[in-house]
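To start, the structure itself, in structure tokens.
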Number of protein chains: 2
Amino acid sequence: MSELARRSDLPVATIKYYLREDLLHHGEAVGATRAQYDESHVRRLRLVRALIEVAGMRLDDVRRVLDAIDDESLSWHEAIGSAHTRLAQPVNATASDAERERVDALLARHDWELAEQSRHRDALAAALASLAALGHPPSDETLDTYAEAANLISERDVSSLKETDRAEAAEHAVVSTLLLEPVLLILRRVAQENSSRRRAM
Amino acid sequence: MSELARRSDLPVATIKYYLREDLLHHGEAVGATRAQYDESHVRRLRLVRALIEVAGMRLDDVRRVLDAIDDESLSWHEAIGSAHTRLAQPVNATASDAERERVDALLARHDWELAEQSRHRDALAAALASLAALGHPPSDETLDTYAEAANLISERDVSSLKETDRAEAAEHAVVSTLLLEPVLLILRRVAQENSSRRRAM
């Protein structure tokens with residue numbers, strides 16, 4: 001346990017807490033008070049830490065993402081979809097039928113399908129409703145540009161998935177989805193500031 | 001006041017609270033107990049509501065964004081930069097010099113400059129450090145694809161800014177930056193799921 005704490009750079013108390021909260025699998029018992037931990041424990045602790053510290057997730061949500069990664073009954077594609085669904089943000093605003101229709105038209109233009117239980121459609125419609133209520137509804141051209149950019153990124157994301165160990169690949173998908181989000185948002189702001197400055201010159 | 005509550009779809013108590021908290025400018029006094037509110041009040045209330053309900057910001061941060069919008073001493077470009085800086089997420093992870101050098105190389109490849117006090121550089125380096133610590137460092141190709149997508153989006157964002165009223169344009173920039181973020185992230189997940197499914201077939 002102390003060796004695991006050293007390698008994961010976490011206090012023993014935190015590791016014990018994660019074990020109690022089912023965020024970490026138990027080690028193999030070797031004697032009454034000792035357990036054997038391996039590379040899978042170090043790896044899982046790093047993942048839990050990143051989800052909490054970097055992605056800012058609550059323990060409940062971390063557990064849901066880990067469940068999706070660990071669920072062997074899910075196919076490769078289902079595991080990604082399921083993790084995504086569990087990662088989805090709660091929707092705060094409500095959308096009208098008009099916004100749902102705009103979303104459907106957008107998805108159709110880009111030849112995208114959604115799983116039946118997907119919350120993405122409502123989340124997108126709610127975001128459009130908020131922008132419209134504020135008097136800044138995005139144009140179809142803006143939405144299409146965003147979709148085009150999302151497509152560019154996702155083709156790269158999916159092609160960078162290595163078809164190795166299933167658990168490792170699923171972990172990679174979830175980690176990349178979550179941790180590349182801030183990268184994308186920051187790069188968008190950097191690019192906006194630079195586009196804005198160039199136009200001001 | 002009751003008319004303002006009706007038009008903004010907010011309780012009178014909430015509007016009074018926003019007035020006390022300096023999130024809304026006072027109306028013009030007409031008599032001892034009545035004040036005149038106009039379109040600017042309706043508009044500001046919608047913005048405050050969206051920042052809180054959709055962007056999930058705390059009151060302190062909302063006030064900072066409003067200050068940037070209202071600060072007449074800032075140029076158009078500075079107002080966007082300042083609002084962005086105030087919108088920036090706190091950085092939780094720490095980065096090494098190696099990650100900062102990767103960020104600088106990325107910025108140079110895309111001909112991007114950052115303001116001296118910008119926190120974007122540290123935030124990007126920290127995100128790269130987290131990904132590396134988890135054993136999933138993004139390749140240069142991945143980062144370049146993200147930067148390319150960010151550039152595509154930002155050119156559209158900046159070109160959609162109307163050069164009308166300064167306060168309105170600044171508000172548009174902040175609202176779009178914040179409220180199109182969830183749109184972009186959801187579209188990326190939709191695109192990933194579709195790319196993933198197509199490869200599975």
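Identifiers for the structure tokens are assigned positionally: chains receive A, B, ... in sequence, residues are indexed from 1 per chain, and ligands are indexed from 1 in the order shown.
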
*Restrict the distance test to only C-alpha atoms, flag each residue of chain B within 7 Å of chain A, and return the flagged residues as an NGL selection string.*
:B and (46-47 or 50 or 53-54 or 77 or 81 or 92-93 or 112-113 or 120 or 124 or 127 or 130-131 or 134 or 136 or 142 or 145-147 or 149-156 or 158 or 172 or 179 or 181 or 183-188 or 191-197)

All in-order C-alpha pairs, least squares, chain B moved onto chain A. Output the fitted coordinates as an mmCIF file with C-alpha atoms, in the first residue's frame, please.
```cif
data_model
loop_
_atom_site.group_PDB
_atom_site.id
_atom_site.type_symbol
_atom_site.label_atom_id
_atom_site.label_comp_id
_atom_site.auth_asym_id
_atom_site.auth_seq_id
_atom_site.Cartn_x
_atom_site.Cartn_y
_atom_site.Cartn_z
ATOM 1 C CA MET B 1 0.094 -0.156 -0.058
ATOM 2 C CA SER B 2 2.878 2.281 0.795
ATOM 3 C CA GLU B 3 4.612 1.344 -2.471
ATOM 4 C CA LEU B 4 1.356 2.024 -4.350
ATOM 5 C CA ALA B 5 1.056 5.396 -2.593
ATOM 6 C CA ARG B 6 4.599 6.274 -3.642
ATOM 7 C CA ARG B 7 4.118 5.252 -7.262
ATOM 8 C CA SER B 8 0.757 7.000 -7.636
ATOM 9 C CA ASP B 9 1.842 10.086 -5.673
ATOM 10 C CA LEU B 10 -1.267 9.891 -3.482
ATOM 11 C CA PRO B 11 -1.604 9.624 0.332
ATOM 12 C CA VAL B 12 -2.369 6.139 1.729
ATOM 13 C CA ALA B 13 -5.549 7.562 3.297
ATOM 14 C CA THR B 14 -6.806 8.638 -0.146
ATOM 15 C CA ILE B 15 -6.136 5.200 -1.629
ATOM 16 C CA LYS B 16 -8.007 3.543 1.256
ATOM 17 C CA TYR B 17 -10.897 5.935 0.674
ATOM 18 C CA TYR B 18 -11.009 5.058 -3.045
ATOM 19 C CA LEU B 19 -11.013 1.332 -2.129
ATOM 20 C CA ARG B 20 -13.980 1.859 0.228
ATOM 21 C CA GLU B 21 -15.784 3.937 -2.408
ATOM 22 C CA ASP B 22 -15.308 1.229 -5.054
ATOM 23 C CA LEU B 23 -13.236 3.486 -7.277
ATOM 24 C CA LEU B 24 -10.298 1.051 -7.084
ATOM 25 C CA HIS B 25 -10.266 -2.753 -7.238
ATOM 26 C CA HIS B 26 -8.766 -4.586 -4.250
ATOM 27 C CA GLY B 27 -5.294 -6.101 -4.434
ATOM 28 C CA GLU B 28 -4.578 -9.797 -4.118
ATOM 29 C CA ALA B 29 -4.356 -10.739 -0.427
ATOM 30 C CA VAL B 30 -0.918 -12.014 0.627
ATOM 31 C CA GLY B 31 -1.240 -12.746 4.338
ATOM 32 C CA ALA B 32 -3.641 -11.242 6.867
ATOM 33 C CA THR B 33 -2.702 -7.576 6.591
ATOM 34 C CA ARG B 34 -0.922 -7.271 3.255
ATOM 35 C CA ALA B 35 -2.143 -7.139 -0.322
ATOM 36 C CA GLN B 36 -0.340 -7.205 -3.631
ATOM 37 C CA TYR B 37 -1.013 -4.326 -6.036
ATOM 38 C CA ASP B 38 0.069 -4.208 -9.660
ATOM 39 C CA GLU B 39 0.316 -1.903 -12.657
ATOM 40 C CA SER B 40 -3.476 -1.931 -13.105
ATOM 41 C CA HIS B 41 -3.869 -0.261 -9.699
ATOM 42 C CA VAL B 42 -1.362 2.474 -10.477
ATOM 43 C CA ARG B 43 -3.098 3.094 -13.781
ATOM 44 C CA ARG B 44 -6.570 3.237 -12.276
ATOM 45 C CA LEU B 45 -5.460 5.643 -9.560
ATOM 46 C CA ARG B 46 -4.029 7.987 -12.191
ATOM 47 C CA LEU B 47 -7.323 7.874 -14.087
ATOM 48 C CA VAL B 48 -9.447 8.552 -10.976
ATOM 49 C CA ARG B 49 -7.176 11.429 -10.039
ATOM 50 C CA ALA B 50 -7.398 12.998 -13.502
ATOM 51 C CA LEU B 51 -11.182 12.670 -13.635
ATOM 52 C CA ILE B 52 -11.478 14.398 -10.261
ATOM 53 C CA GLU B 53 -8.709 16.995 -10.477
ATOM 54 C CA VAL B 54 -8.681 17.835 -14.169
ATOM 55 C CA ALA B 55 -12.174 17.080 -15.371
ATOM 56 C CA GLY B 56 -13.624 18.287 -12.037
ATOM 57 C CA MET B 57 -16.018 15.330 -11.811
ATOM 58 C CA ARG B 58 -17.863 14.278 -8.667
ATOM 59 C CA LEU B 59 -17.215 10.804 -7.212
ATOM 60 C CA ASP B 60 -20.617 9.539 -8.395
ATOM 61 C CA ASP B 61 -19.836 10.481 -11.975
ATOM 62 C CA VAL B 62 -16.331 9.044 -11.773
ATOM 63 C CA ARG B 63 -17.834 5.731 -10.676
ATOM 64 C CA ARG B 64 -20.219 5.777 -13.653
ATOM 65 C CA VAL B 65 -17.407 6.360 -16.121
ATOM 66 C CA LEU B 66 -15.345 3.554 -14.557
ATOM 67 C CA ASP B 67 -18.357 1.229 -14.765
ATOM 68 C CA ALA B 68 -18.624 1.879 -18.502
ATOM 69 C CA ILE B 69 -14.918 1.181 -18.980
ATOM 70 C CA ASP B 70 -15.108 -2.031 -16.961
ATOM 71 C CA ASP B 71 -18.365 -3.377 -18.400
ATOM 72 C CA GLU B 72 -17.162 -6.327 -20.505
ATOM 73 C CA SER B 73 -20.677 -6.893 -21.889
ATOM 74 C CA LEU B 74 -20.422 -3.698 -23.922
ATOM 75 C CA SER B 75 -18.920 -3.762 -27.383
ATOM 76 C CA TRP B 76 -16.146 -1.379 -28.201
ATOM 77 C CA HIS B 77 -18.513 1.130 -29.802
ATOM 78 C CA GLU B 78 -21.111 0.725 -27.050
ATOM 79 C CA ALA B 79 -18.518 1.342 -24.351
ATOM 80 C CA ILE B 80 -17.567 4.675 -25.912
ATOM 81 C CA GLY B 81 -21.220 5.621 -26.383
ATOM 82 C CA SER B 82 -22.102 4.596 -22.842
ATOM 83 C CA ALA B 83 -19.204 6.469 -21.296
ATOM 84 C CA HIS B 84 -20.168 9.507 -23.380
ATOM 85 C CA THR B 85 -23.765 9.292 -22.224
ATOM 86 C CA ARG B 86 -22.622 9.089 -18.624
ATOM 87 C CA LEU B 87 -20.287 12.011 -19.173
ATOM 88 C CA ALA B 88 -23.078 14.127 -20.648
ATOM 89 C CA GLN B 89 -23.764 17.424 -18.926
ATOM 90 C CA PRO B 90 -27.158 17.908 -17.333
ATOM 91 C CA VAL B 91 -29.369 20.172 -19.407
ATOM 92 C CA ASN B 92 -30.526 23.313 -17.628
ATOM 93 C CA ALA B 93 -32.476 25.114 -20.301
ATOM 94 C CA THR B 94 -35.516 23.941 -22.224
ATOM 95 C CA ALA B 95 -35.885 23.922 -25.974
ATOM 96 C CA SER B 96 -38.823 24.336 -28.303
ATOM 97 C CA ASP B 97 -39.786 22.101 -31.224
ATOM 98 C CA ALA B 98 -38.250 24.679 -33.562
ATOM 99 C CA GLU B 99 -34.813 24.188 -31.998
ATOM 100 C CA ARG B 100 -35.145 20.400 -32.046
ATOM 101 C CA GLU B 101 -35.949 20.627 -35.762
ATOM 102 C CA ARG B 102 -32.863 22.777 -36.333
ATOM 103 C CA VAL B 103 -30.768 20.148 -34.553
ATOM 104 C CA ASP B 104 -32.289 17.334 -36.609
ATOM 105 C CA ALA B 105 -31.610 19.259 -39.830
ATOM 106 C CA LEU B 106 -28.012 19.848 -38.734
ATOM 107 C CA LEU B 107 -27.484 16.159 -37.934
ATOM 108 C CA ALA B 108 -29.008 15.189 -41.287
ATOM 109 C CA ARG B 109 -26.808 17.630 -43.216
ATOM 110 C CA HIS B 110 -23.732 15.988 -41.714
ATOM 111 C CA ASP B 111 -25.043 12.463 -42.050
ATOM 112 C CA TRP B 112 -24.940 11.887 -38.294
ATOM 113 C CA GLU B 113 -27.112 9.483 -36.341
ATOM 114 C CA LEU B 114 -27.774 9.447 -32.623
ATOM 115 C CA ALA B 115 -28.494 6.542 -30.300
ATOM 116 C CA GLU B 116 -32.146 6.406 -29.245
ATOM 117 C CA GLN B 117 -31.443 7.320 -25.608
ATOM 118 C CA SER B 118 -28.862 9.957 -26.456
ATOM 119 C CA ARG B 119 -29.166 13.213 -24.558
ATOM 120 C CA HIS B 120 -27.084 15.069 -27.128
ATOM 121 C CA ARG B 121 -30.126 16.130 -29.154
ATOM 122 C CA ASP B 122 -31.845 17.812 -26.193
ATOM 123 C CA ALA B 123 -28.576 19.308 -25.005
ATOM 124 C CA LEU B 124 -27.926 20.857 -28.427
ATOM 125 C CA ALA B 125 -31.489 22.142 -28.729
ATOM 126 C CA ALA B 126 -31.249 23.675 -25.244
ATOM 127 C CA ALA B 127 -27.995 25.426 -26.132
ATOM 128 C CA LEU B 128 -29.604 26.854 -29.301
ATOM 129 C CA ALA B 129 -32.608 27.993 -27.244
ATOM 130 C CA SER B 130 -30.336 29.861 -24.821
ATOM 131 C CA LEU B 131 -28.503 31.603 -27.640
ATOM 132 C CA ALA B 132 -31.783 32.552 -29.310
ATOM 133 C CA ALA B 133 -33.277 33.832 -26.050
ATOM 134 C CA LEU B 134 -30.258 36.114 -25.678
ATOM 135 C CA GLY B 135 -30.766 37.481 -29.153
ATOM 136 C CA HIS B 136 -27.657 35.742 -30.579
ATOM 137 C CA PRO B 137 -28.982 32.708 -32.461
ATOM 138 C CA PRO B 138 -26.140 31.076 -34.423
ATOM 139 C CA SER B 139 -26.637 30.935 -38.195
ATOM 140 C CA ASP B 140 -26.742 27.643 -40.100
ATOM 141 C CA GLU B 141 -23.345 28.599 -41.535
ATOM 142 C CA THR B 142 -21.924 28.892 -38.022
ATOM 143 C CA LEU B 143 -23.391 25.555 -36.952
ATOM 144 C CA ASP B 144 -22.080 23.880 -40.097
ATOM 145 C CA THR B 145 -18.591 25.277 -39.488
ATOM 146 C CA TYR B 146 -18.669 23.908 -35.932
ATOM 147 C CA ALA B 147 -19.871 20.528 -37.191
ATOM 148 C CA GLU B 148 -17.126 20.475 -39.822
ATOM 149 C CA ALA B 149 -14.509 21.247 -37.148
ATOM 150 C CA ALA B 150 -15.971 18.547 -34.870
ATOM 151 C CA ASN B 151 -15.749 16.062 -37.697
ATOM 152 C CA LEU B 152 -12.124 16.933 -38.423
ATOM 153 C CA ILE B 153 -11.281 16.357 -34.749
ATOM 154 C CA SER B 154 -13.249 13.168 -34.287
ATOM 155 C CA GLU B 155 -11.683 11.473 -37.291
ATOM 156 C CA ARG B 156 -8.308 12.172 -35.711
ATOM 157 C CA ASP B 157 -9.516 11.059 -32.250
ATOM 158 C CA VAL B 158 -10.869 7.762 -33.493
ATOM 159 C CA SER B 159 -7.870 7.024 -35.712
ATOM 160 C CA SER B 160 -5.546 7.550 -32.736
ATOM 161 C CA LEU B 161 -7.288 4.799 -30.747
ATOM 162 C CA LYS B 162 -4.969 1.835 -30.607
ATOM 163 C CA GLU B 163 -6.685 -1.515 -30.925
ATOM 164 C CA THR B 164 -4.787 -3.066 -28.043
ATOM 165 C CA ASP B 165 -6.140 -4.118 -24.670
ATOM 166 C CA ARG B 166 -9.879 -3.386 -24.510
ATOM 167 C CA ALA B 167 -9.840 -1.774 -21.049
ATOM 168 C CA GLU B 168 -6.847 0.337 -21.994
ATOM 169 C CA ALA B 169 -8.451 1.466 -25.250
ATOM 170 C CA ALA B 170 -11.717 2.374 -23.488
ATOM 171 C CA GLU B 171 -9.753 4.285 -20.894
ATOM 172 C CA HIS B 172 -7.902 6.115 -23.669
ATOM 173 C CA ALA B 173 -11.202 7.090 -25.309
ATOM 174 C CA VAL B 174 -12.662 8.465 -22.088
ATOM 175 C CA VAL B 175 -9.484 10.224 -21.011
ATOM 176 C CA SER B 176 -9.026 11.817 -24.432
ATOM 177 C CA THR B 177 -12.641 12.880 -24.656
ATOM 178 C CA LEU B 178 -12.523 14.560 -21.278
ATOM 179 C CA LEU B 179 -9.015 15.913 -21.141
ATOM 180 C CA LEU B 180 -8.813 17.155 -24.717
ATOM 181 C CA GLU B 181 -11.990 19.190 -24.130
ATOM 182 C CA PRO B 182 -10.184 21.948 -22.230
ATOM 183 C CA VAL B 183 -7.416 21.850 -24.878
ATOM 184 C CA LEU B 184 -9.973 22.445 -27.628
ATOM 185 C CA LEU B 185 -11.752 25.246 -25.754
ATOM 186 C CA ILE B 186 -8.516 27.043 -24.906
ATOM 187 C CA LEU B 187 -7.248 26.728 -28.497
ATOM 188 C CA ARG B 188 -10.541 28.196 -29.724
ATOM 189 C CA ARG B 189 -10.031 31.230 -27.471
ATOM 190 C CA VAL B 190 -6.403 31.607 -28.540
ATOM 191 C CA ALA B 191 -7.500 31.439 -32.170
ATOM 192 C CA GLN B 192 -10.334 33.947 -31.587
ATOM 193 C CA GLU B 193 -7.998 36.438 -29.973
ATOM 194 C CA ASN B 194 -5.575 36.096 -32.883
ATOM 195 C CA SER B 195 -8.290 36.356 -35.526
ATOM 196 C CA SER B 196 -9.705 39.374 -33.737
ATOM 197 C CA ARG B 197 -6.311 41.098 -33.486
ATOM 198 C CA ARG B 198 -5.520 40.487 -37.147
ATOM 199 C CA ARG B 199 -8.801 42.076 -38.188
ATOM 200 C CA ALA B 200 -8.155 45.048 -35.904
ATOM 201 C CA MET B 201 -4.823 45.777 -37.633
#
```

Enumerate, as an mmCIF file with N, CA and C atoms, in the first residue's frame, the complete set of residues in stretch 93-172 of chain B that a backbone-based DSSP assignment places in alpha helix (DSSP H).
```cif
data_model
loop_
_atom_site.group_PDB
_atom_site.id
_atom_site.type_symbol
_atom_site.label_atom_id
_atom_site.label_comp_id
_atom_site.auth_asym_id
_atom_site.auth_seq_id
_atom_site.Cartn_x
_atom_site.Cartn_y
_atom_site.Cartn_z
ATOM 1 N N ASP B 97 8.628 22.047 -17.861
ATOM 2 C CA ASP B 97 9.156 22.865 -18.952
ATOM 3 C C ASP B 97 8.945 22.186 -20.307
ATOM 4 N N ALA B 98 9.020 20.853 -20.310
ATOM 5 C CA ALA B 98 8.854 20.126 -21.575
ATOM 6 C C ALA B 98 7.481 20.405 -22.182
ATOM 7 N N GLU B 99 6.441 20.401 -21.325
ATOM 8 C CA GLU B 99 5.097 20.674 -21.851
ATOM 9 C C GLU B 99 4.955 22.130 -22.296
ATOM 10 N N ARG B 100 5.563 23.044 -21.557
ATOM 11 C CA ARG B 100 5.485 24.455 -21.969
ATOM 12 C C ARG B 100 6.164 24.635 -23.334
ATOM 13 N N GLU B 101 7.269 23.905 -23.543
ATOM 14 C CA GLU B 101 7.942 24.002 -24.845
ATOM 15 C C GLU B 101 7.081 23.426 -25.967
ATOM 16 N N ARG B 102 6.349 22.342 -25.649
ATOM 17 C CA ARG B 102 5.448 21.784 -26.671
ATOM 18 C C ARG B 102 4.362 22.796 -27.033
ATOM 19 N N VAL B 103 3.849 23.486 -26.008
ATOM 20 C CA VAL B 103 2.812 24.496 -26.255
ATOM 21 C C VAL B 103 3.380 25.629 -27.096
ATOM 22 N N ASP B 104 4.573 26.094 -26.748
ATOM 23 C CA ASP B 104 5.177 27.192 -27.519
ATOM 24 C C ASP B 104 5.398 26.783 -28.977
ATOM 25 N N ALA B 105 5.842 25.539 -29.187
ATOM 26 C CA ALA B 105 6.060 25.059 -30.554
ATOM 27 C C ALA B 105 4.733 24.999 -31.318
ATOM 28 N N LEU B 106 3.689 24.562 -30.630
ATOM 29 C CA LEU B 106 2.360 24.497 -31.251
ATOM 30 C C LEU B 106 1.884 25.895 -31.655
ATOM 31 N N LEU B 107 2.017 26.845 -30.731
ATOM 32 C CA LEU B 107 1.589 28.222 -31.023
ATOM 33 C C LEU B 107 2.375 28.781 -32.208
ATOM 34 N N ALA B 108 3.677 28.490 -32.228
ATOM 35 C CA ALA B 108 4.532 28.996 -33.313
ATOM 36 C C ALA B 108 4.131 28.378 -34.652
ATOM 37 N N ARG B 109 3.841 27.067 -34.640
ATOM 38 C CA ARG B 109 3.455 26.412 -35.898
ATOM 39 C C ARG B 109 2.199 27.039 -36.498
ATOM 40 N N HIS B 120 -3.592 31.096 -20.850
ATOM 41 C CA HIS B 120 -3.838 29.990 -21.774
ATOM 42 C C HIS B 120 -2.631 29.060 -21.889
ATOM 43 N N ARG B 121 -1.422 29.643 -21.866
ATOM 44 C CA ARG B 121 -0.221 28.839 -22.056
ATOM 45 C C ARG B 121 -0.073 27.809 -20.925
ATOM 46 N N ASP B 122 -0.226 28.280 -19.678
ATOM 47 C CA ASP B 122 -0.135 27.368 -18.537
ATOM 48 C C ASP B 122 -1.265 26.349 -18.544
ATOM 49 N N ALA B 123 -2.446 26.822 -18.940
ATOM 50 C CA ALA B 123 -3.605 25.913 -18.942
ATOM 51 C C ALA B 123 -3.395 24.796 -19.962
ATOM 52 N N LEU B 124 -2.870 25.151 -21.136
ATOM 53 C CA LEU B 124 -2.595 24.141 -22.163
ATOM 54 C C LEU B 124 -1.510 23.177 -21.698
ATOM 55 N N ALA B 125 -0.442 23.732 -21.132
ATOM 56 C CA ALA B 125 0.664 22.883 -20.670
ATOM 57 C C ALA B 125 0.186 21.928 -19.584
ATOM 58 N N ALA B 126 -0.695 22.426 -18.695
ATOM 59 C CA ALA B 126 -1.220 21.571 -17.623
ATOM 60 C C ALA B 126 -2.075 20.442 -18.191
ATOM 61 N N ALA B 127 -2.867 20.767 -19.214
ATOM 62 C CA ALA B 127 -3.704 19.728 -19.832
ATOM 63 C C ALA B 127 -2.826 18.650 -20.480
ATOM 64 N N LEU B 128 -1.746 19.096 -21.168
ATOM 65 C CA LEU B 128 -0.819 18.122 -21.772
ATOM 66 C C LEU B 128 -0.152 17.271 -20.695
ATOM 67 N N ALA B 129 0.191 17.890 -19.572
ATOM 68 C CA ALA B 129 0.837 17.152 -18.475
ATOM 69 C C ALA B 129 -0.095 16.069 -17.939
ATOM 70 N N SER B 130 -1.377 16.400 -17.799
ATOM 71 C CA SER B 130 -2.345 15.413 -17.302
ATOM 72 C C SER B 130 -2.455 14.234 -18.252
ATOM 73 N N LEU B 131 -2.552 14.544 -19.544
ATOM 74 C CA LEU B 131 -2.666 13.474 -20.539
ATOM 75 C C LEU B 131 -1.422 12.594 -20.539
ATOM 76 N N ALA B 132 -0.257 13.216 -20.411
ATOM 77 C CA ALA B 132 0.996 12.461 -20.402
ATOM 78 C C ALA B 132 1.087 11.590 -19.150
ATOM 79 N N ALA B 133 0.675 12.154 -18.014
ATOM 80 C CA ALA B 133 0.751 11.408 -16.751
ATOM 81 C C ALA B 133 -0.141 10.174 -16.801
ATOM 82 N N ASP B 140 1.732 15.305 -31.915
ATOM 83 C CA ASP B 140 1.734 16.617 -32.573
ATOM 84 C C ASP B 140 0.648 16.683 -33.643
ATOM 85 N N GLU B 141 0.427 15.561 -34.338
ATOM 86 C CA GLU B 141 -0.603 15.531 -35.379
ATOM 87 C C GLU B 141 -1.979 15.809 -34.768
ATOM 88 N N THR B 142 -2.237 15.198 -33.612
ATOM 89 C CA THR B 142 -3.518 15.445 -32.940
ATOM 90 C C THR B 142 -3.648 16.916 -32.550
ATOM 91 N N LEU B 143 -2.605 17.456 -31.930
ATOM 92 C CA LEU B 143 -2.665 18.860 -31.513
ATOM 93 C C LEU B 143 -2.858 19.784 -32.712
ATOM 94 N N ASP B 144 -2.170 19.463 -33.808
ATOM 95 C CA ASP B 144 -2.306 20.316 -35.000
ATOM 96 C C ASP B 144 -3.719 20.234 -35.581
ATOM 97 N N THR B 145 -4.314 19.051 -35.533
ATOM 98 C CA THR B 145 -5.695 18.919 -36.025
ATOM 99 C C THR B 145 -6.643 19.750 -35.161
ATOM 100 N N TYR B 146 -6.436 19.713 -33.845
ATOM 101 C CA TYR B 146 -7.277 20.512 -32.945
ATOM 102 C C TYR B 146 -7.081 22.004 -33.217
ATOM 103 N N ALA B 147 -5.842 22.402 -33.435
ATOM 104 C CA ALA B 147 -5.558 23.819 -33.693
ATOM 105 C C ALA B 147 -6.199 24.265 -35.007
ATOM 106 N N GLU B 148 -6.135 23.380 -35.999
ATOM 107 C CA GLU B 148 -6.737 23.673 -37.305
ATOM 108 C C GLU B 148 -8.247 23.850 -37.149
ATOM 109 N N ALA B 149 -8.871 22.947 -36.381
ATOM 110 C CA ALA B 149 -10.320 23.040 -36.140
ATOM 111 C C ALA B 149 -10.646 24.332 -35.386
ATOM 112 N N ALA B 150 -9.824 24.675 -34.393
ATOM 113 C CA ALA B 150 -10.053 25.897 -33.612
ATOM 114 C C ALA B 150 -9.951 27.124 -34.508
ATOM 115 N N ASN B 151 -9.057 27.070 -35.446
ATOM 116 C CA ASN B 151 -8.867 28.194 -36.357
ATOM 117 C C ASN B 151 -10.066 28.367 -37.291
ATOM 118 N N LEU B 152 -10.553 27.247 -37.789
ATOM 119 C CA LEU B 152 -11.738 27.236 -38.651
ATOM 120 C C LEU B 152 -12.908 27.909 -37.918
ATOM 121 N N ILE B 153 -13.097 27.515 -36.663
ATOM 122 C CA ILE B 153 -14.202 28.034 -35.853
ATOM 123 C C ILE B 153 -14.029 29.513 -35.549
ATOM 124 N N SER B 154 -12.820 29.894 -35.182
ATOM 125 C CA SER B 154 -12.623 31.268 -34.714
ATOM 126 C C SER B 154 -12.768 32.259 -35.860
ATOM 127 N N GLU B 155 -12.369 31.854 -37.054
ATOM 128 C CA GLU B 155 -12.555 32.751 -38.199
ATOM 129 C C GLU B 155 -14.042 33.009 -38.405
ATOM 130 N N ARG B 156 -14.839 31.964 -38.244
ATOM 131 C CA ARG B 156 -16.289 32.113 -38.358
ATOM 132 C C ARG B 156 -16.831 32.969 -37.202
ATOM 133 N N ASP B 157 -16.369 32.696 -35.981
ATOM 134 C CA ASP B 157 -16.834 33.458 -34.813
ATOM 135 C C ASP B 157 -16.591 34.946 -34.999
ATOM 136 N N VAL B 158 -15.359 35.278 -35.385
ATOM 137 C CA VAL B 158 -14.991 36.685 -35.471
ATOM 138 C C VAL B 158 -15.712 37.364 -36.634
ATOM 139 N N SER B 159 -15.907 36.621 -37.734
ATOM 140 C CA SER B 159 -16.575 37.245 -38.883
ATOM 141 C C SER B 159 -18.060 37.455 -38.609
ATOM 142 N N ARG B 166 -21.028 49.006 -29.351
ATOM 143 C CA ARG B 166 -19.883 48.367 -28.721
ATOM 144 C C ARG B 166 -20.278 47.391 -27.613
ATOM 145 N N ALA B 167 -21.163 47.831 -26.714
ATOM 146 C CA ALA B 167 -21.581 46.976 -25.596
ATOM 147 C C ALA B 167 -22.275 45.721 -26.126
ATOM 148 N N GLU B 168 -23.091 45.911 -27.155
ATOM 149 C CA GLU B 168 -23.816 44.775 -27.710
ATOM 150 C C GLU B 168 -22.861 43.784 -28.368
ATOM 151 N N ALA B 169 -21.858 44.328 -29.066
ATOM 152 C CA ALA B 169 -20.888 43.461 -29.748
ATOM 153 C C ALA B 169 -20.051 42.691 -28.719
ATOM 154 N N ALA B 170 -19.647 43.371 -27.646
ATOM 155 C CA ALA B 170 -18.857 42.706 -26.601
ATOM 156 C C ALA B 170 -19.689 41.609 -25.944
ATOM 157 N N GLU B 171 -20.959 41.935 -25.720
ATOM 158 C CA GLU B 171 -21.849 40.940 -25.129
ATOM 159 C C GLU B 171 -21.959 39.725 -26.055
ATOM 160 N N HIS B 172 -22.104 40.003 -27.353
ATOM 161 C CA HIS B 172 -22.207 38.915 -28.330
ATOM 162 C C HIS B 172 -20.968 38.015 -28.270
#
```

_DSSP on the backbone, strand (DSSP E) only: what residues of chain A does that give? Format it as a ChimeraX atom specification._
/A:28-29,35-36
